[in-house]
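Raw contents of input01.tsv, TSV, C-alpha atoms:
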```
chain	number	residue	atom	x	y	z
R	1146	MET	CA	-57.86	-27.00	65.70
R	1147	LYS	CA	-54.71	-29.04	65.78
R	1148	GLY	CA	-53.09	-31.88	67.56
R	1149	PRO	CA	-54.69	-35.22	68.35
R	1150	THR	CA	-54.56	-34.38	72.04
R	1151	LYS	CA	-57.35	-34.20	74.60
R	1152	ARG	CA	-60.25	-33.66	72.22
R	1153	HIS	CA	-59.70	-36.78	70.26
R	1154	GLN	CA	-59.00	-39.11	73.11
R	1155	GLY	CA	-60.87	-42.36	72.99
R	1156	LYS	CA	-62.08	-41.77	69.46
R	1157	PRO	CA	-61.42	-44.79	67.32
R	1158	ASN	CA	-62.03	-42.85	64.13
R	1159	GLY	CA	-59.20	-40.76	62.82
R	1160	MET	CA	-60.23	-37.23	62.08
R	1161	LEU	CA	-59.24	-34.85	59.37
R	1162	ASP	CA	-60.38	-31.46	60.52
R	1163	ARG	CA	-60.72	-29.76	57.20
R	1164	SER	CA	-62.91	-32.42	55.68
R	1165	ALA	CA	-64.93	-32.55	58.90
R	1166	GLN	CA	-65.50	-28.81	58.67
R	1167	VAL	CA	-66.66	-29.12	55.07
R	1168	GLN	CA	-69.13	-31.80	56.11
R	1169	ILE	CA	-70.38	-29.72	59.04
R	1170	GLY	CA	-70.79	-26.67	56.80
R	1171	ARG	CA	-72.83	-28.66	54.32
R	1172	MET	CA	-75.08	-30.18	56.98
R	1173	LEU	CA	-75.59	-26.79	58.54
R	1174	ARG	CA	-76.80	-25.29	55.28
R	1175	ASP	CA	-78.97	-28.35	54.59
R	1176	VAL	CA	-80.68	-28.11	57.97
R	1177	PHE	CA	-81.30	-24.40	57.45
R	1178	ALA	CA	-82.52	-24.83	53.88
R	1179	ASP	CA	-84.84	-27.61	54.98
R	1180	VAL	CA	-87.01	-24.99	56.71
R	1181	ALA	CA	-86.13	-22.02	54.52
R	1182	GLU	CA	-87.38	-23.78	51.41
R	1183	GLU	CA	-90.85	-24.40	52.82
R	1184	PRO	CA	-93.58	-22.14	51.46
R	1185	VAL	CA	-94.69	-19.24	53.64
R	1186	PRO	CA	-97.46	-20.48	55.96
R	1187	GLU	CA	-100.88	-18.99	55.31
R	1188	ARG	CA	-101.04	-17.43	58.79
R	1189	PHE	CA	-98.25	-15.01	57.93
R	1190	VAL	CA	-99.75	-14.03	54.61
R	1191	MET	CA	-103.00	-13.24	56.41
R	1192	LEU	CA	-101.23	-11.39	59.20
R	1193	LEU	CA	-99.40	-9.10	56.79
R	1194	GLU	CA	-102.53	-8.48	54.78
R	1195	ALA	CA	-104.37	-7.54	57.96
R	1196	LEU	CA	-101.59	-5.16	59.01
R	1197	GLN	CA	-101.59	-3.54	55.62
R	1198	ALA	CA	-105.38	-3.22	55.53
R	1199	LYS	CA	-105.37	-1.59	58.95
R	1200	GLU	CA	-102.88	0.97	57.73
R	1201	GLN	CA	-105.14	1.95	54.88
R	1202	GLN	CA	-108.02	2.81	57.16
R	1203	PRO	CA	-108.34	6.46	58.09
L	898	MET	CA	-103.08	2.66	48.20
L	899	ASN	CA	-100.11	3.09	50.47
L	900	THR	CA	-97.20	1.95	48.34
L	901	ALA	CA	-94.76	2.02	51.25
L	902	SER	CA	-96.79	-0.51	53.18
L	903	VAL	CA	-97.21	-2.71	50.10
L	904	ALA	CA	-93.46	-2.68	49.57
L	905	LEU	CA	-92.84	-3.49	53.21
L	906	LYS	CA	-95.36	-6.29	53.16
L	907	ASN	CA	-93.69	-7.86	50.14
L	908	ALA	CA	-90.22	-7.47	51.61
L	909	LEU	CA	-91.32	-9.11	54.84
L	910	LEU	CA	-93.04	-11.93	52.99
L	911	GLY	CA	-89.85	-12.66	51.12
L	912	LEU	CA	-87.84	-12.87	54.31
L	913	ILE	CA	-90.20	-15.10	56.28
L	914	PRO	CA	-88.63	-18.40	55.10
L	915	ASN	CA	-85.23	-17.25	56.37
L	916	LEU	CA	-86.66	-16.02	59.63
L	917	ARG	CA	-88.41	-19.34	60.22
L	918	ALA	CA	-85.22	-21.28	59.56
L	919	PHE	CA	-83.30	-19.08	61.98
L	920	ALA	CA	-86.04	-19.35	64.61
L	921	VAL	CA	-86.11	-23.15	64.38
L	922	SER	CA	-82.36	-23.28	64.78
L	923	LEU	CA	-82.61	-21.21	67.95
L	924	CYS	CA	-85.52	-22.91	69.67
L	925	GLY	CA	-85.62	-26.30	67.95
L	926	ASP	CA	-89.38	-26.36	67.59
L	927	ILE	CA	-91.33	-25.26	64.53
L	928	GLU	CA	-94.45	-24.16	66.40
L	929	ARG	CA	-92.55	-22.01	68.83
L	930	ALA	CA	-90.48	-20.77	65.90
L	931	ASP	CA	-93.60	-19.62	64.09
L	932	ASP	CA	-94.78	-17.77	67.19
L	933	LEU	CA	-91.40	-16.03	67.27
L	934	VAL	CA	-91.67	-15.12	63.62
L	935	GLN	CA	-95.14	-13.72	64.17
L	936	GLU	CA	-93.95	-11.59	67.06
L	937	THR	CA	-91.01	-10.43	64.97
L	938	LEU	CA	-93.26	-9.39	62.08
L	939	LEU	CA	-95.56	-7.45	64.41
L	940	LYS	CA	-92.67	-5.65	66.07
L	941	ALA	CA	-91.07	-4.86	62.74
L	942	TRP	CA	-94.30	-3.47	61.37
L	943	ASN	CA	-94.99	-1.35	64.43
L	944	HIS	CA	-91.46	-0.05	64.83
L	945	LEU	CA	-90.61	0.57	61.25
L	946	ASP	CA	-89.55	4.10	62.15
L	947	SER	CA	-86.57	2.64	63.99
L	948	PHE	CA	-85.37	0.91	60.84
L	949	GLU	CA	-82.78	2.94	59.01
L	950	GLU	CA	-83.67	3.16	55.37
L	951	GLY	CA	-81.01	1.66	53.17
L	952	THR	CA	-79.63	-0.68	55.82
L	953	ASN	CA	-80.07	-4.42	55.81
L	954	LEU	CA	-83.71	-5.30	56.46
L	955	ARG	CA	-82.86	-8.97	56.79
L	956	ALA	CA	-80.27	-8.30	59.50
L	957	TRP	CA	-82.71	-5.98	61.27
L	958	LEU	CA	-85.38	-8.70	61.35
L	959	PHE	CA	-82.93	-11.31	62.57
L	960	THR	CA	-81.94	-8.93	65.37
L	961	ILE	CA	-85.56	-8.46	66.43
L	962	LEU	CA	-86.18	-12.18	66.34
L	963	ARG	CA	-83.16	-13.17	68.40
L	964	ASN	CA	-83.75	-10.40	70.95
L	965	THR	CA	-87.34	-11.56	71.30
L	966	TYR	CA	-86.19	-15.11	71.80
L	967	PHE	CA	-83.44	-14.26	74.28
L	968	SER	CA	-85.69	-12.15	76.46
L	969	GLU	CA	-88.27	-14.91	76.38
L	970	CYS	CA	-85.58	-17.33	77.50
L	971	ARG	CA	-84.58	-15.07	80.33
L	972	ARG	CA	-88.17	-14.97	81.41
L	973	ARG	CA	-88.50	-18.68	81.27
L	974	ARG	CA	-85.14	-19.28	82.90
L	975	ARG	CA	-84.45	-21.91	80.36
L	976	GLU	CA	-81.47	-22.36	78.04
L	977	VAL	CA	-79.67	-19.60	79.87
L	978	GLU	CA	-78.67	-22.08	82.52
L	979	ASP	CA	-77.08	-24.07	79.77
L	980	ARG	CA	-74.81	-21.35	78.50
L	981	ASP	CA	-71.86	-22.83	80.29
L	982	GLY	CA	-72.45	-26.02	78.39
L	983	THR	CA	-73.42	-28.23	81.32
L	984	LYS	CA	-75.94	-30.08	79.21
L	985	ALA	CA	-73.42	-30.52	76.45
L	986	ALA	CA	-70.99	-32.20	78.80
L	987	ASP	CA	-73.45	-35.00	79.54
L	988	LEU	CA	-74.60	-35.67	76.05
L	989	SER	CA	-73.00	-36.90	72.96
L	990	VAL	CA	-74.43	-37.92	69.67
L	991	HIS	CA	-73.82	-41.29	68.19
L	992	PRO	CA	-74.58	-41.36	64.51
L	993	GLU	CA	-76.69	-44.35	63.54
L	994	GLN	CA	-74.06	-45.41	61.09
L	995	PRO	CA	-70.56	-44.34	61.93
L	996	GLY	CA	-69.12	-42.17	59.21
L	997	HIS	CA	-72.53	-41.36	57.84
L	998	LEU	CA	-74.17	-38.26	59.16
L	999	ASP	CA	-77.82	-37.79	58.52
L	1000	MET	CA	-79.80	-34.67	59.21
L	1001	GLN	CA	-81.33	-36.08	62.39
L	1002	ASP	CA	-77.94	-36.71	63.95
L	1003	PHE	CA	-76.87	-33.26	62.99
L	1004	ARG	CA	-79.96	-31.55	64.40
L	1005	ARG	CA	-79.48	-33.36	67.70
L	1006	ALA	CA	-75.88	-32.25	67.85
L	1007	LEU	CA	-76.83	-28.65	67.08
L	1008	ASP	CA	-79.36	-28.65	69.90
L	1009	VAL	CA	-76.69	-29.75	72.33
L	1010	LEU	CA	-74.57	-26.67	71.65
L	1011	PRO	CA	-74.87	-23.73	74.05
L	1012	LEU	CA	-77.34	-21.24	72.63
L	1013	ASP	CA	-74.85	-18.45	71.98
L	1014	GLN	CA	-72.58	-20.78	70.01
L	1015	ARG	CA	-75.44	-22.23	68.01
L	1016	GLU	CA	-76.67	-18.78	67.15
L	1017	ALA	CA	-73.25	-17.62	65.96
L	1018	LEU	CA	-72.70	-20.75	63.91
L	1019	VAL	CA	-76.09	-20.54	62.19
L	1020	LEU	CA	-75.77	-16.83	61.42
L	1021	VAL	CA	-72.36	-17.26	59.82
L	1022	GLY	CA	-72.44	-20.82	58.53
L	1023	ALA	CA	-76.02	-21.15	57.33
L	1024	ALA	CA	-77.69	-17.75	57.02
L	1025	GLY	CA	-74.68	-16.33	55.21
L	1026	PHE	CA	-74.00	-13.27	57.36
L	1027	SER	CA	-70.50	-11.90	57.70
L	1028	TYR	CA	-68.81	-12.01	61.11
L	1029	GLU	CA	-69.41	-8.26	61.35
L	1030	GLU	CA	-73.12	-8.59	60.60
L	1031	ALA	CA	-73.46	-11.50	62.99
L	1032	ALA	CA	-71.78	-9.47	65.72
L	1033	GLU	CA	-74.20	-6.63	65.13
L	1034	ILE	CA	-77.19	-8.96	65.24
L	1035	SER	CA	-76.01	-10.63	68.45
L	1036	GLY	CA	-74.90	-7.37	70.04
L	1037	CYS	CA	-71.36	-8.48	70.74
L	1038	ALA	CA	-67.82	-8.00	69.45
L	1039	VAL	CA	-66.65	-9.55	66.18
L	1040	GLY	CA	-63.99	-11.47	68.11
L	1041	THR	CA	-66.66	-12.97	70.33
L	1042	ILE	CA	-68.59	-14.21	67.31
L	1043	LYS	CA	-65.45	-15.73	65.82
L	1044	SER	CA	-64.62	-17.54	69.00
L	1045	ARG	CA	-68.20	-18.80	69.38
L	1046	VAL	CA	-68.19	-20.12	65.84
L	1047	ASN	CA	-64.86	-21.86	66.41
L	1048	ARG	CA	-65.98	-23.43	69.63
L	1049	ALA	CA	-69.23	-24.54	68.02
L	1050	ARG	CA	-67.43	-26.16	65.09
L	1051	SER	CA	-64.99	-27.88	67.33
L	1052	LYS	CA	-67.71	-29.18	69.62
L	1053	LEU	CA	-69.77	-30.43	66.69
L	1054	THR	CA	-66.76	-32.26	65.34
L	1055	ASP	CA	-66.37	-33.98	68.68
L	1056	LEU	CA	-70.04	-34.73	69.16
L	1057	LEU	CA	-70.46	-36.18	65.73
L	1058	SER	CA	-67.10	-37.91	65.57
L	1059	VAL	CA	-67.03	-36.67	62.03
L	1060	SER	CA	-64.53	-38.87	60.37
L	1061	ALA	CA	-63.10	-37.71	57.12
L	1062	SER	CA	-61.36	-41.01	56.56
L	1063	HIS	CA	-64.68	-42.70	55.84
L	1064	ASP	CA	-65.08	-40.70	52.73
L	1065	TYR	CA	-62.09	-42.08	50.95
L	1066	GLY	CA	-59.96	-44.11	53.32
L	1067	PRO	CA	-59.26	-47.76	52.45
L	1068	ASP	CA	-59.98	-48.73	56.02
L	1069	ALA	CA	-63.51	-47.41	56.24
L	1070	ALA	CA	-65.14	-50.77	56.85
L	1071	THR	CA	-62.78	-51.71	59.65
L	1072	GLU	CA	-63.15	-48.35	61.28
L	1073	ALA	CA	-66.90	-48.57	61.05
L	1074	ILE	CA	-66.89	-51.90	62.82
L	1075	VAL	CA	-64.55	-50.64	65.50
L	1076	ALA	CA	-66.65	-47.53	65.96
L	1077	ARG	CA	-69.85	-49.55	66.14
L	1078	THR	CA	-68.39	-51.95	68.68
L	1079	VAL	CA	-67.13	-49.12	70.81
L	1080	SER	CA	-70.34	-47.12	70.68
L	1081	SER	CA	-72.56	-50.14	71.41
L	1082	GLY	CA	-70.28	-51.03	74.30
L	1083	MET	CA	-70.94	-47.59	75.71
L	1084	ARG	CA	-74.69	-47.98	75.81
```
Before we go any further, please render this structure as structure tokens.
Amino acid sequence: MKGPTKRHQGKPNGMLDRSAQVQIGRMLRDVFADVAEEPVPERFVMLLEALQAKEQQP
Amino acid sequence: MNTASVALKNALLGLIPNLRAFAVSLCGDIERADDLVQETLLKAWNHLDSFEEGTNLRAWLFTILRNTYFSECRRRRREVEDRDGTKAADLSVHPEQPGHLDMQDFRRALDVLPLDQREALVLVGAAGFSYEEAAEISGCAVGTIKSRVNRARSKLTDLLSVSASHDYGPDAATEAIVARTVSSGMR
């Protein structure tokens, strides 16, 4: 991750790698949390209850 | 009342949000992701005897989910063709406003990454697994995970033209104009 060679060619914006990595890390966690913070859909609650009920039958 | 199955049910319930987030990051589609999660839950329930008590249930579920997804991909002959990054070479992401990254831009960029790199990056950077755990989940060497994560980060930086200078540089406005002119000239 060093040197403004090849990778950065043609990019008008200067790039500071460390700050870029911080930004990418934050976005990555945001995108993940966006789904992970949703409530558990009803279908899964029902599925697990059905599996558990089946287990309790002789 | 079977207390073991109650405990398992509750443990699985608690991990579903994480599994869904991981599944979406792999396949990019919430409906398909939920099908993957469902399949994962069924497999986990039916193969509980292969889970080693005291080990990481979350990592075990992630492993089942990604293996399910990868074998589905092999069947469908999709994604796999992209592992060399051919799709990535043709695409780049232009943020709507240079210097400002919104979640949409970022999701698009993630989807452009080769699957193995995206998986490694999400496991380590978002799901909070260690490199060692991620390697175990993906069935590869720790070094391979590290190199995938590095390549993914570097490619994302390129794709997004993430510019740190916009955050505090005095020249942000000028750079934004230049960037806008350049990117509109490319369309």
Study note, to complete from the structure: One residue among L:Cys970, L:Met1000, L:Leu938, L:Val1021 is nearest to Gly911 (chain L) when using only C-alpha atoms, and that residue is L:Leu938
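Pairwise distance (CA of Ala1198 (chain R), CA of Leu945 (chain L)) equals 16.3 Å.
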Practice item. Can you work out which one of R:Asp1175, R:Arg1188, R:Lys1199, R:Ala1181 has the shortest atom-to-atom distance to chain L, counting only C-alpha atoms? Key: R:Ala1181
Exercise for review: Using only C-alpha atoms, find the one residue out of L:Arg1015, L:Arg963, L:Arg1004, L:Lys1043 that sits nearest to chain R.
Suggested key: L:Arg1004
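Between CA of Arg1045 (chain L) and CA of Ala1017 (chain L) there is a distance of 6.2 Å.
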Practice item. Calculate how many Å separate CA of Thr1054 (chain L) from CA of Gln1166 (chain R), rounding to one decimal. Key: 7.6 Å
Please, what is the axis-aligned box for every listed atom of region 940-959 of chain L with 4 Å on each side, as centre and edge lengths in Å to one decimal, as JSON?
```
{"center_x": -87.3, "center_y": -3.6, "center_z": 59.6, "size_x": 23.4, "size_y": 23.4, "size_z": 20.9}
```
